[in-house]
Amino acid sequence: MLNVAILISGRGSNMQALVRESQKENAPFRVVCVLSNKADAAGLAWAQEQGIHTVVVPHKDFNKDRQAFEQVINEKLQECGAQLVCLAGFMRLLTPWFVQQWRDRFINIHPSLLPAFPGLDVQQKAIDYGAKLSGCTVHFVREEMDHGPIIAQAAVPVLPEDTAETLAARILKCEHQIYPQAVNWIAQNRVSIINEKVFIADAKAPQSLTNPCAE
Ligand code: GRF
């Protein structure tokens, strides 16, 4: 049973998808902690209702001392026995020190097909660029933001009438599928990283496994 911690800053819909997956019979992971840098993150209340241990580490208390902030986060993660850390809309950049502490045990979900469109407002960027496909990516976290070995991706069309909101909603549905899927694979010890590429054991039909949103 893999102990998973989830870091959020807001509504936490991906966190909810992970928690729901963990509540299924025979799930190979459990959520031991939901941590937020914001006390008013909507997702915290939901996690508490589910009986999940929640922690708030307000970044504002640390007066821009990022490493002190991250040291406290790190301690909290150790205290709850986390073995895998999942970023789920956590809106603070983490330093190379923190990334190193959790190397290969630290993953993120991003609402584009990386390496296209890292950063913020990426649905609008995909529309502005004229991309015909976008989607979402689950990847291991490396020092560079929104960069790292890709575990799973799902693609969705970008429609001519799309706004950033409608595209985000279409992508979010896929996020809620591939993030739990990726954590399951890790918890089942099926994921290895070789030369910074991810291989998933027993992926008999890689296309459907890595793109569960394909119709
Ligand atoms: C998601 O789109 C995720 O890909 C990005 O931030 C958003 C978080 O949404 N990293 P939620 O808090 O999980 O609902």
# chains A, B, ... in the order shown; residues from 1 in each chain; ligands from 1
>>> residues_near_ligand(ligand="ligand 1", cutoff="6 Å", atoms="only C-alpha atoms and all ligand atoms", output="list in words")
Gly10, Arg11, Gly12, Ser13, Asn14, Met15, Ala88, Gly89, Ile109, His110, Pro111 and Leu172 of chain A
>>> residues_around(residues="stretch 51-58 of chain A", least_positions_apart="4", cutoff="6 Å", atoms="only C-alpha atoms", output="list of chain:residue names")
A:Cys33, A:Val34, A:Leu35, A:Ser36, A:Asn37, A:Lys38, A:Ala39, A:Ala47
>>> closest_residue(among="A:Glu25, A:Gln16, A:Val141, A:Gln67", to="A:Ala42", atoms="only C-alpha atoms")
A:Gln16
>>> closest_residue(among="A:Leu84, A:Leu167, A:Leu93, A:Leu113", to="A:Glu144", atoms="only C-alpha atoms")
A:Leu93
>>> residues_around(residues="stretch 90-92 of chain A", least_positions_apart="3", cutoff="7 Å", atoms="only C-alpha atoms", output="short mmCIF file (atom, residue, chain, number, x, y, z; two decimals) with N, CA and C atoms, in the first residue's frame")
data_model
loop_
_atom_site.label_atom_id
_atom_site.label_comp_id
_atom_site.auth_asym_id
_atom_site.auth_seq_id
_atom_site.Cartn_x
_atom_site.Cartn_y
_atom_site.Cartn_z
N LEU A 7 -0.58 17.88 -2.68
CA LEU A 7 -0.39 19.30 -2.41
C LEU A 7 -1.34 20.12 -3.28
N ILE A 8 -2.14 20.96 -2.64
CA ILE A 8 -3.12 21.76 -3.38
C ILE A 8 -3.02 23.23 -2.96
N SER A 9 -3.63 24.09 -3.81
CA SER A 9 -3.78 25.49 -3.42
C SER A 9 -5.21 25.98 -3.59
N LEU A 87 1.51 16.78 -6.86
CA LEU A 87 1.07 18.17 -6.99
C LEU A 87 -0.27 18.17 -7.71
#
>>> atom_distance(atom1="atom CA of A:Lys197", atom2="atom CA of A:His176")
22.9 Å
>>> residues_around(residues="stretch 116-129 of chain A", least_positions_apart="3", cutoff="10 Å", atoms="only C-alpha atoms", output="PyMOL selection string")
chain A and resi 91+110-113+132-135+145-147+158-169+171
>>> atom_distance(atom1="atom CA of A:Lys76", atom2="atom CA of A:His139")
23.0 Å
>>> atom_distance(atom1="atom CA of A:Ala5", atom2="atom CA of A:Leu114")
23.4 Å
>>> residues_around(residues="A:Phe69", least_positions_apart="6", cutoff="9 Å", atoms="only C-alpha atoms", output="VMD selection string")
chain A and resid 57 to 63
>>> closest_residue(among="A:Leu2, A:Ala152, A:Ala187, A:Ala27", to="A:Ala203", atoms="only C-alpha atoms")
A:Ala152
>>> select_by_dssp(residues="stretch 43-173 of chain A", states="strand (DSSP E or B)", output="ChimeraX atom specification")
/A:54-56,84-87,106-110,133-140,150-157
>>> closest_residue(among="A:Ile194, A:Ala17, A:Pro149, A:Val31", to="A:Cys80", atoms="only C-alpha atoms")
A:Val31
>>> residues_around(residues="A:Ile186", least_positions_apart="2", cutoff="12 Å", atoms="only C-alpha atoms", output="PyMOL selection string")
chain A and resi 1-4+27-29+83-86+104-107+138-140+151-152+179-184+188-193+198-201
>>> write_last_selection(atoms="C-alpha atoms", output="PDB file, in the first residue's frame")
ATOM      1  CA  MET A   1       0.000   0.000   0.000  1.00  0.00           C
ATOM      2  CA  LEU A   2       1.605   3.240  -1.167  1.00  0.00           C
ATOM      3  CA  ASN A   3       1.216   6.317   1.057  1.00  0.00           C
ATOM      4  CA  VAL A   4       0.352   9.341  -1.052  1.00  0.00           C
ATOM      5  CA  ALA A  27      -6.816   0.326  -4.397  1.00  0.00           C
ATOM      6  CA  PRO A  28      -3.027   0.042  -4.194  1.00  0.00           C
ATOM      7  CA  PHE A  29      -2.577   3.451  -2.551  1.00  0.00           C
ATOM      8  CA  GLN A  83       6.055   7.862  -0.104  1.00  0.00           C
ATOM      9  CA  LEU A  84       4.748   9.687  -3.167  1.00  0.00           C
ATOM     10  CA  VAL A  85       3.969  13.401  -3.435  1.00  0.00           C
ATOM     11  CA  CYS A  86       1.373  14.548  -5.971  1.00  0.00           C
ATOM     12  CA  ASP A 104      11.306  10.063  -8.637  1.00  0.00           C
ATOM     13  CA  ARG A 105       8.694  10.115  -5.868  1.00  0.00           C
ATOM     14  CA  PHE A 106       7.164  13.407  -6.892  1.00  0.00           C
ATOM     15  CA  ILE A 107       4.641  13.915  -9.711  1.00  0.00           C
ATOM     16  CA  VAL A 138       1.204  13.501 -15.695  1.00  0.00           C
ATOM     17  CA  HIS A 139       4.962  13.657 -15.226  1.00  0.00           C
ATOM     18  CA  PHE A 140       7.712  13.230 -12.681  1.00  0.00           C
ATOM     19  CA  ILE A 151       3.958   8.975 -17.213  1.00  0.00           C
ATOM     20  CA  ALA A 152       0.615   9.513 -18.966  1.00  0.00           C
ATOM     21  CA  TYR A 179      -3.951  11.151 -12.679  1.00  0.00           C
ATOM     22  CA  PRO A 180      -5.499   8.265 -10.706  1.00  0.00           C
ATOM     23  CA  GLN A 181      -4.354   5.903 -13.455  1.00  0.00           C
ATOM     24  CA  ALA A 182      -0.757   7.109 -13.148  1.00  0.00           C
ATOM     25  CA  VAL A 183      -0.775   6.827  -9.349  1.00  0.00           C
ATOM     26  CA  ASN A 184      -2.185   3.313  -9.618  1.00  0.00           C
ATOM     27  CA  GLN A 188       1.590  -1.217  -8.472  1.00  0.00           C
ATOM     28  CA  ASN A 189       5.351  -0.823  -9.021  1.00  0.00           C
ATOM     29  CA  ARG A 190       4.854  -0.840 -12.759  1.00  0.00           C
ATOM     30  CA  VAL A 191       6.628   2.418 -13.511  1.00  0.00           C
ATOM     31  CA  SER A 192      10.337   2.697 -14.191  1.00  0.00           C
ATOM     32  CA  ILE A 193      12.424   5.599 -15.423  1.00  0.00           C
ATOM     33  CA  VAL A 198       9.061   6.284 -18.345  1.00  0.00           C
ATOM     34  CA  PHE A 199       8.272   2.647 -19.068  1.00  0.00           C
ATOM     35  CA  ILE A 200       5.130   1.009 -17.762  1.00  0.00           C
ATOM     36  CA  ALA A 201       5.288  -2.717 -17.189  1.00  0.00           C
TER      37      ALA A 201
END
>>> closest_residue(among="A:Ala68, A:Asp202, A:Glu196, A:Glu175", to="A:Arg103", atoms="only C-alpha atoms")
A:Glu196
>>> select_by_dssp(residues="stretch 88-191 of chain A", states="alpha helix (DSSP H)", output="ChimeraX atom specification")
/A:96-101,122-129,164-187
>>> write_last_selection(atoms="C-alpha atoms", output="compact mmCIF listing (two decimals), in the first residue's frame")
# COMPACT_ATOMS: atom_id res chain seq x y z
CA PRO A 96 15.72 22.27 -6.60
CA TRP A 97 16.38 21.33 -2.96
CA PHE A 98 12.80 20.12 -2.48
CA VAL A 99 12.70 18.45 -5.89
CA GLN A 100 15.86 16.56 -4.98
CA GLN A 101 14.40 15.36 -1.66
CA VAL A 122 -2.08 27.24 -21.01
CA GLN A 123 -5.56 26.62 -22.39
CA GLN A 124 -5.65 30.19 -23.74
CA LYS A 125 -2.13 29.74 -25.08
CA ALA A 126 -3.18 26.59 -26.96
CA ILE A 127 -6.15 28.45 -28.48
CA ASP A 128 -4.05 31.50 -29.36
CA TYR A 129 -1.44 29.32 -31.00
CA ALA A 164 -10.17 28.89 -22.32
CA GLU A 165 -12.96 27.78 -19.98
CA THR A 166 -14.59 25.25 -22.30
CA LEU A 167 -11.22 23.81 -23.27
CA ALA A 168 -10.14 23.66 -19.62
CA ALA A 169 -13.32 21.77 -18.73
CA ARG A 170 -12.73 19.21 -21.51
CA ILE A 171 -9.13 18.73 -20.41
CA LEU A 172 -10.06 18.51 -16.72
CA LYS A 173 -12.28 15.46 -17.38
CA CYS A 174 -9.21 13.70 -18.75
CA GLU A 175 -7.04 14.89 -15.88
CA HIS A 176 -9.42 13.12 -13.51
CA GLN A 177 -8.84 9.89 -15.41
CA ILE A 178 -5.13 9.89 -16.07
CA TYR A 179 -3.95 11.15 -12.68
CA PRO A 180 -5.50 8.26 -10.71
CA GLN A 181 -4.35 5.90 -13.45
CA ALA A 182 -0.76 7.11 -13.15
CA VAL A 183 -0.78 6.83 -9.35
CA ASN A 184 -2.18 3.31 -9.62
CA TRP A 185 0.64 2.33 -11.95
CA ILE A 186 3.24 3.74 -9.56
CA ALA A 187 1.59 2.07 -6.57
>>> decode(residues="stretch 12-35 of chain A", atoms="N, CA, C and O atoms", output="mmCIF file, in the first residue's frame")
data_model
loop_
_atom_site.group_PDB
_atom_site.id
_atom_site.type_symbol
_atom_site.label_atom_id
_atom_site.label_comp_id
_atom_site.auth_asym_id
_atom_site.auth_seq_id
_atom_site.Cartn_x
_atom_site.Cartn_y
_atom_site.Cartn_z
ATOM 1 N N GLY A 12 -9.105 21.769 -5.832
ATOM 2 C CA GLY A 12 -8.698 20.397 -5.533
ATOM 3 C C GLY A 12 -9.495 19.313 -6.230
ATOM 4 O O GLY A 12 -9.678 18.225 -5.679
ATOM 5 N N SER A 13 -9.934 19.563 -7.463
ATOM 6 C CA SER A 13 -10.716 18.506 -8.117
ATOM 7 C C SER A 13 -9.843 17.303 -8.472
ATOM 8 O O SER A 13 -10.311 16.155 -8.420
ATOM 9 N N ASN A 14 -8.583 17.524 -8.814
ATOM 10 C CA ASN A 14 -7.700 16.369 -9.053
ATOM 11 C C ASN A 14 -7.422 15.620 -7.762
ATOM 12 O O ASN A 14 -7.345 14.386 -7.751
ATOM 13 N N MET A 15 -7.278 16.353 -6.677
ATOM 14 C CA MET A 15 -7.115 15.708 -5.366
ATOM 15 C C MET A 15 -8.325 14.812 -5.080
ATOM 16 O O MET A 15 -8.179 13.667 -4.636
ATOM 17 N N GLN A 16 -9.510 15.339 -5.386
ATOM 18 C CA GLN A 16 -10.723 14.541 -5.148
ATOM 19 C C GLN A 16 -10.708 13.268 -5.991
ATOM 20 O O GLN A 16 -11.094 12.192 -5.527
ATOM 21 N N ALA A 17 -10.276 13.406 -7.238
ATOM 22 C CA ALA A 17 -10.225 12.221 -8.111
ATOM 23 C C ALA A 17 -9.263 11.183 -7.536
ATOM 24 O O ALA A 17 -9.546 9.975 -7.567
ATOM 25 N N LEU A 18 -8.145 11.651 -6.987
ATOM 26 C CA LEU A 18 -7.177 10.706 -6.402
ATOM 27 C C LEU A 18 -7.747 10.066 -5.144
ATOM 28 O O LEU A 18 -7.614 8.854 -4.929
ATOM 29 N N VAL A 19 -8.397 10.877 -4.315
ATOM 30 C CA VAL A 19 -8.971 10.316 -3.076
ATOM 31 C C VAL A 19 -10.035 9.276 -3.423
ATOM 32 O O VAL A 19 -10.058 8.180 -2.860
ATOM 33 N N ARG A 20 -10.901 9.610 -4.390
ATOM 34 C CA ARG A 20 -11.959 8.658 -4.766
ATOM 35 C C ARG A 20 -11.363 7.353 -5.275
ATOM 36 O O ARG A 20 -11.859 6.270 -4.964
ATOM 37 N N GLU A 21 -10.298 7.478 -6.042
ATOM 38 C CA GLU A 21 -9.649 6.260 -6.537
ATOM 39 C C GLU A 21 -9.120 5.431 -5.363
ATOM 40 O O GLU A 21 -9.239 4.204 -5.345
ATOM 41 N N SER A 22 -8.546 6.126 -4.386
ATOM 42 C CA SER A 22 -7.952 5.419 -3.238
ATOM 43 C C SER A 22 -9.016 4.739 -2.387
ATOM 44 O O SER A 22 -8.708 3.842 -1.600
ATOM 45 N N GLN A 23 -10.253 5.206 -2.518
ATOM 46 C CA GLN A 23 -11.334 4.628 -1.706
ATOM 47 C C GLN A 23 -11.948 3.390 -2.359
ATOM 48 O O GLN A 23 -12.801 2.730 -1.759
ATOM 49 N N LYS A 24 -11.523 3.088 -3.585
ATOM 50 C CA LYS A 24 -12.059 1.896 -4.262
ATOM 51 C C LYS A 24 -11.509 0.628 -3.613
ATOM 52 O O LYS A 24 -10.397 0.632 -3.085
ATOM 53 N N GLU A 25 -12.286 -0.436 -3.725
ATOM 54 C CA GLU A 25 -11.830 -1.698 -3.171
ATOM 55 C C GLU A 25 -10.531 -2.119 -3.867
ATOM 56 O O GLU A 25 -10.402 -1.959 -5.090
ATOM 57 N N ASN A 26 -9.597 -2.616 -3.099
ATOM 58 C CA ASN A 26 -8.303 -3.089 -3.623
ATOM 59 C C ASN A 26 -7.427 -1.996 -4.219
ATOM 60 O O ASN A 26 -6.520 -2.289 -5.012
ATOM 61 N N ALA A 27 -7.700 -0.743 -3.902
ATOM 62 C CA ALA A 27 -6.816 0.326 -4.397
ATOM 63 C C ALA A 27 -5.420 0.091 -3.837
ATOM 64 O O ALA A 27 -5.270 -0.273 -2.667
ATOM 65 N N PRO A 28 -4.387 0.311 -4.662
ATOM 66 C CA PRO A 28 -3.027 0.042 -4.194
ATOM 67 C C PRO A 28 -2.388 1.233 -3.466
ATOM 68 O O PRO A 28 -1.214 1.196 -3.144
ATOM 69 N N PHE A 29 -3.136 2.308 -3.274
ATOM 70 C CA PHE A 29 -2.577 3.451 -2.551
ATOM 71 C C PHE A 29 -3.623 4.062 -1.629
ATOM 72 O O PHE A 29 -4.822 3.832 -1.797
ATOM 73 N N ARG A 30 -3.119 4.798 -0.620
ATOM 74 C CA ARG A 30 -4.027 5.554 0.253
ATOM 75 C C ARG A 30 -3.497 6.974 0.382
ATOM 76 O O ARG A 30 -2.289 7.207 0.251
ATOM 77 N N VAL A 31 -4.410 7.903 0.633
ATOM 78 C CA VAL A 31 -4.011 9.309 0.758
ATOM 79 C C VAL A 31 -3.803 9.606 2.239
ATOM 80 O O VAL A 31 -4.742 9.557 3.038
ATOM 81 N N VAL A 32 -2.548 9.883 2.601
ATOM 82 C CA VAL A 32 -2.226 10.069 4.027
ATOM 83 C C VAL A 32 -2.240 11.536 4.430
ATOM 84 O O VAL A 32 -2.249 11.842 5.623
ATOM 85 N N CYS A 33 -2.264 12.427 3.449
ATOM 86 C CA CYS A 33 -2.218 13.845 3.803
ATOM 87 C C CYS A 33 -2.597 14.705 2.597
ATOM 88 O O CYS A 33 -2.196 14.425 1.478
ATOM 89 N N VAL A 34 -3.403 15.733 2.855
ATOM 90 C CA VAL A 34 -3.627 16.785 1.853
ATOM 91 C C VAL A 34 -3.077 18.064 2.453
ATOM 92 O O VAL A 34 -3.509 18.485 3.530
ATOM 93 N N LEU A 35 -2.100 18.636 1.786
ATOM 94 C CA LEU A 35 -1.403 19.807 2.322
ATOM 95 C C LEU A 35 -1.652 21.002 1.405
ATOM 96 O O LEU A 35 -1.613 20.874 0.183
#
